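> The file below is work_29.txt, compact mmCIF, C-alpha atoms:
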```txt
# COMPACT_ATOMS: atom_id res chain seq x y z
CA MET A 1 13.51 -10.20 14.24
CA GLN A 2 16.90 -9.24 12.92
CA ALA A 3 17.92 -5.64 12.47
CA ALA A 4 18.58 -4.60 8.89
CA THR A 5 19.45 -1.40 7.14
CA LEU A 6 17.41 -1.96 3.99
CA MET A 7 14.13 -3.83 4.06
CA ARG A 8 12.71 -2.22 0.89
CA ALA A 9 14.30 -0.53 -2.11
CA GLU A 10 12.56 2.77 -1.32
CA GLU A 11 14.43 3.16 1.98
CA LYS A 12 17.64 3.88 0.10
CA LEU A 13 18.61 7.52 -0.43
CA PRO A 14 18.67 8.47 -4.11
CA GLU A 15 22.14 8.72 -5.62
CA GLY A 16 23.75 11.98 -4.54
CA ALA A 17 20.90 12.99 -2.23
CA ALA A 18 21.67 14.15 1.29
CA ALA A 19 19.72 12.85 4.25
CA PRO A 20 17.38 15.66 5.30
CA GLY A 21 17.43 14.89 9.01
CA LEU A 22 14.28 16.19 10.68
CA ILE A 23 11.25 16.92 8.58
CA SER A 24 11.48 20.72 8.53
CA ASP A 25 8.51 21.78 6.42
CA LEU A 26 5.06 21.11 7.84
CA SER A 27 3.23 23.62 5.64
CA ALA A 28 1.23 20.94 3.82
CA LEU A 29 -0.16 19.74 7.16
CA LEU A 30 -0.57 22.72 9.47
CA GLY A 31 -3.92 24.36 9.94
CA ALA A 32 -7.55 23.59 10.66
CA TRP A 33 -9.03 20.72 8.67
CA PHE A 34 -12.80 20.18 8.33
CA ASN A 35 -14.57 16.96 7.44
CA THR A 36 -16.04 17.04 3.94
CA ASP A 37 -19.09 15.24 5.38
CA LYS A 38 -20.94 17.63 7.65
CA GLN A 39 -23.11 14.74 8.93
CA THR A 40 -20.17 12.57 9.96
CA GLY A 41 -20.38 10.49 13.10
CA GLY A 42 -16.60 10.38 13.26
CA VAL A 43 -14.06 13.18 13.43
CA VAL A 44 -15.56 16.60 12.73
CA ARG A 45 -12.38 18.62 12.47
CA MET A 46 -8.69 18.61 13.36
CA VAL A 47 -6.17 21.30 14.13
CA LEU A 48 -2.56 20.52 13.22
CA ALA A 49 -0.12 22.91 14.82
CA GLY A 50 3.41 23.42 16.05
CA THR A 51 6.91 22.99 14.74
CA PRO A 52 8.93 20.05 13.46
CA GLY A 53 10.10 19.36 17.00
CA ASP A 54 6.73 19.98 18.63
CA PHE A 55 4.04 18.89 16.22
CA THR A 56 0.52 18.30 17.59
CA VAL A 57 -2.95 17.35 16.54
CA GLN A 58 -6.19 18.33 18.24
CA ALA A 59 -9.22 16.40 17.01
CA PHE A 60 -12.91 16.90 17.64
CA GLY A 61 -15.34 13.99 17.61
CA ALA A 62 -18.92 14.18 16.38
CA ALA A 63 -21.29 14.71 19.31
CA ALA A 64 -24.40 16.69 20.22
CA PRO A 65 -24.90 19.47 21.00
CA GLU A 66 -21.22 20.29 20.35
CA PRO A 67 -18.27 18.37 18.95
CA LEU A 68 -16.19 16.64 21.61
CA ASP A 69 -12.73 18.13 22.07
CA TRP A 70 -10.28 15.23 22.25
CA GLY A 71 -7.47 17.49 23.37
CA LYS A 72 -4.04 17.99 21.92
CA VAL A 73 -1.61 15.08 21.50
CA PRO A 74 1.85 14.74 19.92
CA ALA A 75 1.89 13.80 16.25
CA VAL A 76 4.61 12.31 14.07
CA ALA A 77 5.13 13.77 10.60
CA TYR A 78 6.13 11.74 7.56
CA ALA A 79 7.51 12.84 4.21
CA ALA A 80 6.83 11.32 0.80
CA GLY A 81 10.29 9.77 0.75
CA VAL A 82 13.48 9.37 2.73
CA ALA A 83 15.15 12.38 1.09
CA SER A 84 12.29 14.84 1.48
CA PRO A 85 12.15 17.46 4.25
CA ALA A 86 8.45 18.12 3.62
CA GLY A 87 5.82 16.49 5.78
CA MET A 88 2.75 15.16 3.98
CA ALA A 89 1.39 12.61 6.43
CA PHE A 90 1.12 12.11 10.16
CA SER A 91 0.23 9.62 12.84
CA ALA A 92 -0.98 10.09 16.40
CA VAL A 93 -2.58 8.10 19.19
CA TYR A 94 -5.43 9.02 21.52
CA ASP A 95 -5.89 7.03 24.71
CA PHE A 96 -9.41 7.66 26.00
CA GLY A 97 -9.15 5.08 28.75
CA PHE A 98 -11.99 2.95 27.40
CA LEU A 99 -10.68 3.25 23.82
CA ASP A 100 -7.42 3.68 21.93
CA THR A 101 -7.69 5.52 18.63
CA PHE A 102 -4.78 5.46 16.20
CA LEU A 103 -4.86 8.24 13.64
CA ALA A 104 -3.08 7.64 10.33
CA ALA A 105 -3.45 10.42 7.79
CA TYR A 106 -1.94 11.73 4.59
CA THR A 107 -2.49 14.63 2.24
CA LYS A 108 -3.21 14.34 -1.44
CA SER A 109 -4.09 17.16 -3.82
CA GLY A 110 -5.00 19.46 -0.94
CA ILE A 111 -7.26 16.91 0.74
CA LEU A 112 -6.34 15.23 4.00
CA VAL A 113 -7.36 11.58 4.25
CA LEU A 114 -7.75 10.28 7.79
CA ASP A 115 -7.88 6.61 8.73
CA THR A 116 -8.71 5.75 12.32
CA PHE A 117 -8.11 2.35 13.90
CA ASN A 118 -10.10 2.03 17.11
CA VAL A 119 -9.50 -0.53 19.86
CA PHE A 120 -11.99 -0.81 22.74
CA LYS A 121 -10.60 -1.63 26.16
CA ASP A 122 -13.80 -1.49 28.22
CA GLY A 123 -15.19 -5.00 27.70
CA SER A 124 -18.34 -3.48 26.23
CA GLY A 125 -18.45 -6.06 23.42
CA ARG A 126 -18.08 -3.42 20.74
CA SER A 127 -15.98 -4.44 17.77
CA ASN A 128 -12.72 -2.69 17.14
CA TYR A 129 -13.36 -0.63 14.04
CA PHE A 130 -11.80 1.21 11.15
CA SER A 131 -12.96 4.48 9.62
CA ARG A 132 -11.84 6.60 6.71
CA GLU A 133 -12.73 10.26 6.30
CA PHE A 134 -11.76 13.22 4.14
CA PHE A 135 -10.91 16.77 5.21
CA HIS A 136 -10.39 20.16 3.64
CA ARG A 137 -8.87 23.29 5.06
CA MET B 1 -26.04 -0.92 33.32
CA GLU B 2 -23.81 2.07 32.71
CA PRO B 3 -24.14 3.89 29.40
CA LEU B 4 -21.46 3.18 26.85
CA ARG B 5 -18.70 5.75 26.73
CA ALA B 6 -17.96 7.39 23.41
CA SER B 7 -15.40 9.70 21.84
CA ARG B 8 -17.71 10.32 18.86
CA ALA B 9 -21.14 9.23 17.63
CA ARG B 10 -19.65 6.36 15.62
CA ASP B 11 -18.47 4.63 18.80
CA LEU B 12 -22.09 3.84 19.67
CA PRO B 13 -24.34 1.14 18.18
CA CYS B 14 -27.05 2.72 16.02
CA ALA B 15 -29.92 0.70 17.50
CA GLY B 16 -30.83 -2.63 18.98
CA PRO B 17 -29.21 -4.57 21.77
CA ARG B 18 -25.64 -4.11 22.81
CA PRO B 19 -23.11 -6.22 20.92
CA VAL B 20 -22.17 -9.35 22.81
CA SER B 21 -18.97 -10.34 21.06
CA ARG B 22 -15.92 -8.40 20.05
CA ILE B 23 -14.21 -11.18 18.11
CA ILE B 24 -13.62 -10.03 14.57
CA ASP B 25 -13.52 -12.57 11.76
CA PRO B 26 -10.26 -12.06 9.86
CA ALA B 27 -11.37 -14.21 6.90
CA PRO B 28 -11.93 -11.33 4.43
CA LEU B 29 -8.28 -10.36 4.86
CA VAL B 30 -6.73 -13.80 4.73
CA GLY B 31 -4.62 -14.66 1.72
CA THR B 32 -1.47 -13.89 -0.20
CA TRP B 33 -1.76 -10.34 -1.49
CA VAL B 34 0.45 -9.33 -4.41
CA ASN B 35 1.30 -5.75 -5.29
CA PHE B 36 -0.45 -4.53 -8.45
CA ASP B 37 2.68 -2.54 -9.24
CA THR B 38 5.33 -5.10 -10.11
CA ALA B 39 7.92 -2.29 -10.10
CA SER B 40 7.01 -1.10 -6.59
CA ARG B 41 9.99 -0.21 -4.40
CA GLY B 42 7.88 -0.70 -1.29
CA LEU B 43 6.15 -3.94 -0.41
CA ALA B 44 6.14 -6.77 -2.92
CA ARG B 45 3.51 -8.89 -1.20
CA VAL B 46 1.74 -9.39 2.10
CA VAL B 47 0.58 -12.71 3.49
CA VAL B 48 -2.29 -12.49 5.98
CA SER B 49 -3.35 -15.52 7.95
CA GLY B 50 -5.99 -16.16 10.58
CA ASP B 51 -7.28 -19.04 12.61
CA GLY B 52 -10.51 -19.56 10.71
CA ALA B 53 -14.18 -18.89 11.32
CA GLY B 54 -15.22 -19.24 14.93
CA GLY B 55 -11.65 -18.83 16.05
CA SER B 56 -10.06 -16.34 18.36
CA GLY B 57 -9.86 -13.59 15.77
CA ASN B 58 -6.09 -13.69 15.77
CA LEU B 59 -4.40 -12.29 12.70
CA ARG B 60 -0.82 -12.78 11.48
CA VAL B 61 0.93 -10.65 8.90
CA ARG B 62 4.02 -11.47 6.88
CA ALA B 63 5.31 -8.75 4.59
CA PHE B 64 7.94 -8.91 1.88
CA GLY B 65 9.85 -5.79 0.88
CA ALA B 66 10.91 -5.02 -2.66
CA GLY B 67 14.51 -6.17 -3.02
CA SER B 68 16.93 -7.61 -5.49
CA PRO B 69 17.46 -10.36 -6.46
CA ALA B 70 14.51 -11.46 -4.32
CA PRO B 71 11.95 -9.76 -2.06
CA VAL B 72 13.06 -9.32 1.54
CA ASP B 73 11.11 -11.46 4.00
CA TRP B 74 10.16 -9.27 6.95
CA GLY B 75 8.99 -12.20 9.00
CA GLU B 76 5.63 -12.74 10.63
CA VAL B 77 4.11 -10.45 13.25
CA ALA B 78 0.77 -10.25 15.02
CA GLY B 79 -1.78 -7.98 13.43
CA GLU B 80 -4.91 -6.34 14.82
CA PRO B 81 -8.08 -6.78 12.75
CA PHE B 82 -10.77 -4.09 12.53
CA ALA B 83 -14.41 -4.20 11.46
CA ASP B 84 -16.38 -1.54 9.64
CA GLY B 85 -18.39 -0.63 12.72
CA VAL B 86 -18.86 -1.38 16.39
CA THR B 87 -21.54 -4.04 15.82
CA LEU B 88 -19.90 -5.77 12.86
CA GLN B 89 -17.65 -8.83 12.88
CA ALA B 90 -16.10 -9.04 9.42
CA ALA B 91 -12.61 -7.60 9.22
CA VAL B 92 -12.09 -4.76 6.76
CA GLY B 93 -8.67 -3.61 7.89
CA PHE B 94 -5.67 -4.35 10.04
CA THR B 95 -2.67 -2.78 11.66
CA ALA B 96 0.70 -4.39 12.28
CA VAL B 97 4.01 -3.07 13.53
CA TYR B 98 7.50 -4.11 12.48
CA GLY B 99 10.56 -3.14 14.48
CA PHE B 100 13.88 -3.60 12.72
CA GLY B 101 16.32 -2.15 15.18
CA GLY B 102 16.93 1.22 13.56
CA MET B 103 13.55 1.43 11.89
CA ARG B 104 9.90 1.07 12.88
CA VAL B 105 7.20 0.46 10.30
CA MET B 106 3.50 0.74 11.10
CA LEU B 107 1.30 -0.92 8.51
CA ALA B 108 -2.21 0.52 8.36
CA SER B 109 -4.33 -1.39 5.91
CA TYR B 110 -7.91 -1.67 4.70
CA LEU B 111 -9.98 -3.42 2.07
CA ASN B 112 -11.60 -1.53 -0.77
CA LYS B 113 -13.68 -3.72 -3.09
CA ARG B 114 -11.29 -6.68 -2.73
CA LEU B 115 -8.31 -4.42 -3.19
CA LEU B 116 -6.06 -4.32 -0.16
CA VAL B 117 -4.56 -0.91 0.50
CA VAL B 118 -1.49 -0.93 2.72
CA ASP B 119 -0.13 2.34 4.04
CA ALA B 120 3.32 2.12 5.60
CA TYR B 121 4.37 4.77 8.14
CA THR B 122 8.14 4.42 8.57
CA ARG B 123 10.36 6.06 11.17
CA PHE B 124 14.14 5.79 11.40
CA HIS B 125 16.11 5.99 14.60
CA ASP B 126 19.41 4.74 13.26
CA GLY B 127 21.14 8.11 12.95
CA SER B 128 21.05 7.93 9.15
CA GLY B 129 19.19 11.23 8.88
CA ARG B 130 16.64 9.73 6.55
CA ALA B 131 13.21 11.30 6.82
CA GLY B 132 10.40 9.23 8.21
CA TYR B 133 8.12 8.57 5.27
CA PHE B 134 4.69 7.49 4.15
CA ALA B 135 4.14 5.01 1.33
CA ARG B 136 1.06 3.36 -0.10
CA ASP B 137 0.75 0.15 -2.08
CA HIS B 138 -2.23 -1.71 -3.53
CA PHE B 139 -2.59 -5.49 -3.51
CA TYR B 140 -4.77 -8.20 -4.98
CA ILE B 141 -5.07 -11.94 -4.57
CA PRO B 142 -4.10 -13.56 -7.90
```
Is it possible to give me this structure as structure tokens?


Amino acid sequence: MQAATLMRAEEKLPEGAAAPGLISDLSALLGAWFNTDKQTGGVVRMVLAGTPGDFTVQAFGAAAPEPLDWGKVPAVAYAAGVASPAGMAFSAVYDFGFLDTFLAAYTKSGILVLDTFNVFKDGSGRSNYFSREFFHR
Amino acid sequence: MEPLRASRARDLPCAGPRPVSRIIDPAPLVGTWVNFDTASRGLARVVVSGDGAGGSGNLRVRAFGAGSPAPVDWGEVAGEPFADGVTLQAAVGFTAVYGFGGMRVMLASYLNKRLLVVDAYTRFHDGSGRAGYFARDHFYIP
């Protein structure tokens, strides 16, 4: 695949806008986020923490008697556009050995929407699956 | 037989025998998907292809970026189909990754009532200083 500098119109900086460099404002993302569905079988809560250079997510999966701590992994922040320094979305990957879970999430009107894409590696016959959940602070 | 490992309750089948196949049918995703927003500056259309029912479950994705005078053909890449649960076979979403030298785009997509939602997570490593960004587009099959 050939390298290119512009594959979509939205990649272009607006006229007169300066490139922001690193995303420097994570305030829309940082904090503890709780699933709006208290009966979820998916992700119960997440903690987003750190700085633009050291941004992490710690997720907790639904389990009994206590949620399962997935541990802390690096996360990548995304802005709403190429000229914005403010993070409003993130991605991260958990490797559980038997399962890879890709987290893809964004904020909208104070809600965090989390999509997970789950790939089993254990030969158990389970289907790779998608989930979508909603979180509040 | 060892118990199934799980990171959360949803990783486990609700009841019944263990699933015996992990091949996901990409058919629900297959087609030429056109952006509802004809003025979108993101993706103009996405072509998803598979190898048919009973096949290997392989999925191919070909995206076209908004450009002038014509959309920009991103080329075809392998995609990963996903079902709605661990015992289901019908695809409801996919991921695909494009690498363009100085830019990496992760497409994370799912179906919602025959609307295809495509979220693009873009990172630059070309020294341009542009912020990595998130964009969402909605598609239908005409």

> Could you check which of B:Arg60, B:Arg45, B:Arg114, B:Arg130 is closest to chain A, using only C-alpha atoms?

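For chain A, the nearest of the candidates is B:Arg130.
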
> Interatomic distance between atom CA of Pro67 of chain A and atom CA of Trp33 of chain A?

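Taking atom CA of Pro67 of chain A as the start and atom CA of Trp33 of chain A as the end point, the length is 14.0 Å.
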
> Distance cut-off 6 Å, counting all atoms listed in the file - which residues of chain A neighbour chain B? Return them as a list in words.

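Output check: Ala3, Met7, Arg8, Ala9, Glu10, Ala19, Pro20, Gly21, Gly41, Gly42, Gly61, Ala62, Ala63, Tyr78, Ala79, Ala80, Gly81, Val82, Gly125, Arg126, Ser127, Asn128, Tyr129 and Phe130 of chain A.
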
> How far is it from atom CA of Gly71 of chain A to atom CA of Ala32 of chain A, in Å with one decimal?

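So the two atoms, atom CA of Gly71 of chain A and atom CA of Ala32 of chain A, lie 14.1 Å apart.
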
> Mind giving me the straight-line distance from atom CA of Arg132 of chain A to atom CA of Val113 of chain A in Å, one decimal?

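Pair atom CA of Arg132 of chain A / atom CA of Val113 of chain A returns 7.1 Å.
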
> Report as a ChimeraX atom specification all protein, DNA and RNA residues lying within 8 Å of Thr116 of chain A, evaluated on all atoms listed in the file, omitting residues in the same chain fewer than 4 positions from it.

/A:101-104,130-132

> Copy segment 64-140 of chain B out of the block into a file, keeping C-alpha atoms, as an mmCIF file, in the first residue's frame.


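Below you can see out25.cif, which holds the result:
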```
data_model
loop_
_atom_site.group_PDB
_atom_site.id
_atom_site.type_symbol
_atom_site.label_atom_id
_atom_site.label_comp_id
_atom_site.auth_asym_id
_atom_site.auth_seq_id
_atom_site.Cartn_x
_atom_site.Cartn_y
_atom_site.Cartn_z
ATOM 1 C CA PHE B 64 -12.628 5.089 0.005
ATOM 2 C CA GLY B 65 -11.733 8.418 1.600
ATOM 3 C CA ALA B 66 -13.501 11.658 0.808
ATOM 4 C CA GLY B 67 -11.431 13.458 -1.813
ATOM 5 C CA SER B 68 -11.721 15.723 -4.780
ATOM 6 C CA PRO B 69 -12.340 15.276 -7.647
ATOM 7 C CA ALA B 70 -12.904 11.619 -6.729
ATOM 8 C CA PRO B 71 -12.836 9.532 -3.539
ATOM 9 C CA VAL B 72 -9.425 8.151 -2.623
ATOM 10 C CA ASP B 73 -9.184 4.373 -2.941
ATOM 11 C CA TRP B 74 -7.466 3.046 0.174
ATOM 12 C CA GLY B 75 -7.074 -0.402 -1.270
ATOM 13 C CA GLU B 76 -8.234 -3.695 0.157
ATOM 14 C CA VAL B 77 -7.136 -5.104 3.516
ATOM 15 C CA ALA B 78 -8.106 -8.105 5.603
ATOM 16 C CA GLY B 79 -10.769 -7.485 8.201
ATOM 17 C CA GLU B 80 -11.723 -9.403 11.330
ATOM 18 C CA PRO B 81 -15.435 -10.212 11.727
ATOM 19 C CA PHE B 82 -17.154 -10.328 15.115
ATOM 20 C CA ALA B 83 -20.415 -11.882 16.277
ATOM 21 C CA ASP B 84 -22.815 -10.580 18.891
ATOM 22 C CA GLY B 85 -21.857 -13.253 21.399
ATOM 23 C CA VAL B 86 -19.590 -16.211 21.985
ATOM 24 C CA THR B 87 -22.092 -18.786 20.682
ATOM 25 C CA LEU B 88 -23.300 -16.818 17.660
ATOM 26 C CA GLN B 89 -22.059 -17.027 14.077
ATOM 27 C CA ALA B 90 -23.536 -14.030 12.261
ATOM 28 C CA ALA B 91 -21.158 -11.108 11.952
ATOM 29 C CA VAL B 92 -22.304 -7.827 13.486
ATOM 30 C CA GLY B 93 -19.044 -5.921 13.335
ATOM 31 C CA PHE B 94 -15.511 -5.862 12.021
ATOM 32 C CA THR B 95 -12.136 -4.301 12.552
ATOM 33 C CA ALA B 96 -9.554 -3.495 9.908
ATOM 34 C CA VAL B 97 -6.257 -1.642 9.981
ATOM 35 C CA TYR B 98 -4.753 0.573 7.307
ATOM 36 C CA GLY B 99 -1.122 1.626 7.393
ATOM 37 C CA PHE B 100 -0.185 4.479 5.090
ATOM 38 C CA GLY B 101 3.413 5.117 5.988
ATOM 39 C CA GLY B 102 2.984 8.182 8.166
ATOM 40 C CA MET B 103 -0.503 7.318 9.321
ATOM 41 C CA ARG B 104 -2.310 4.347 10.845
ATOM 42 C CA VAL B 105 -6.080 4.049 10.748
ATOM 43 C CA MET B 106 -7.989 1.493 12.789
ATOM 44 C CA LEU B 107 -11.532 0.971 11.571
ATOM 45 C CA ALA B 108 -13.889 -0.310 14.264
ATOM 46 C CA SER B 109 -17.303 -0.989 12.834
ATOM 47 C CA TYR B 110 -20.648 -2.493 13.782
ATOM 48 C CA LEU B 111 -24.136 -2.954 12.418
ATOM 49 C CA ASN B 112 -27.109 -1.188 13.934
ATOM 50 C CA LYS B 113 -30.426 -2.063 12.289
ATOM 51 C CA ARG B 114 -28.839 -2.351 8.823
ATOM 52 C CA LEU B 115 -26.920 0.846 9.371
ATOM 53 C CA LEU B 116 -23.173 0.327 9.346
ATOM 54 C CA VAL B 117 -21.339 2.516 11.823
ATOM 55 C CA VAL B 118 -17.639 2.943 11.120
ATOM 56 C CA ASP B 119 -15.418 4.558 13.725
ATOM 57 C CA ALA B 120 -11.964 5.525 12.509
ATOM 58 C CA TYR B 121 -9.141 5.887 15.049
ATOM 59 C CA THR B 122 -6.298 7.678 13.264
ATOM 60 C CA ARG B 123 -2.736 8.192 14.460
ATOM 61 C CA PHE B 124 -0.027 10.166 12.682
ATOM 62 C CA HIS B 125 3.659 9.428 12.916
ATOM 63 C CA ASP B 126 4.811 11.608 10.052
ATOM 64 C CA GLY B 127 6.099 14.524 12.127
ATOM 65 C CA SER B 128 3.263 16.765 10.944
ATOM 66 C CA GLY B 129 2.130 17.483 14.496
ATOM 67 C CA ARG B 130 -1.446 16.675 13.638
ATOM 68 C CA ALA B 131 -3.425 15.243 16.524
ATOM 69 C CA GLY B 132 -4.544 11.664 16.339
ATOM 70 C CA TYR B 133 -8.289 11.819 15.917
ATOM 71 C CA PHE B 134 -11.547 9.934 16.131
ATOM 72 C CA ALA B 135 -14.212 10.143 13.439
ATOM 73 C CA ARG B 136 -17.516 8.376 12.934
ATOM 74 C CA ASP B 137 -19.484 7.830 9.751
ATOM 75 C CA HIS B 138 -22.752 6.032 9.016
ATOM 76 C CA PHE B 139 -23.362 3.921 5.922
ATOM 77 C CA TYR B 140 -26.182 2.184 4.104
#
```
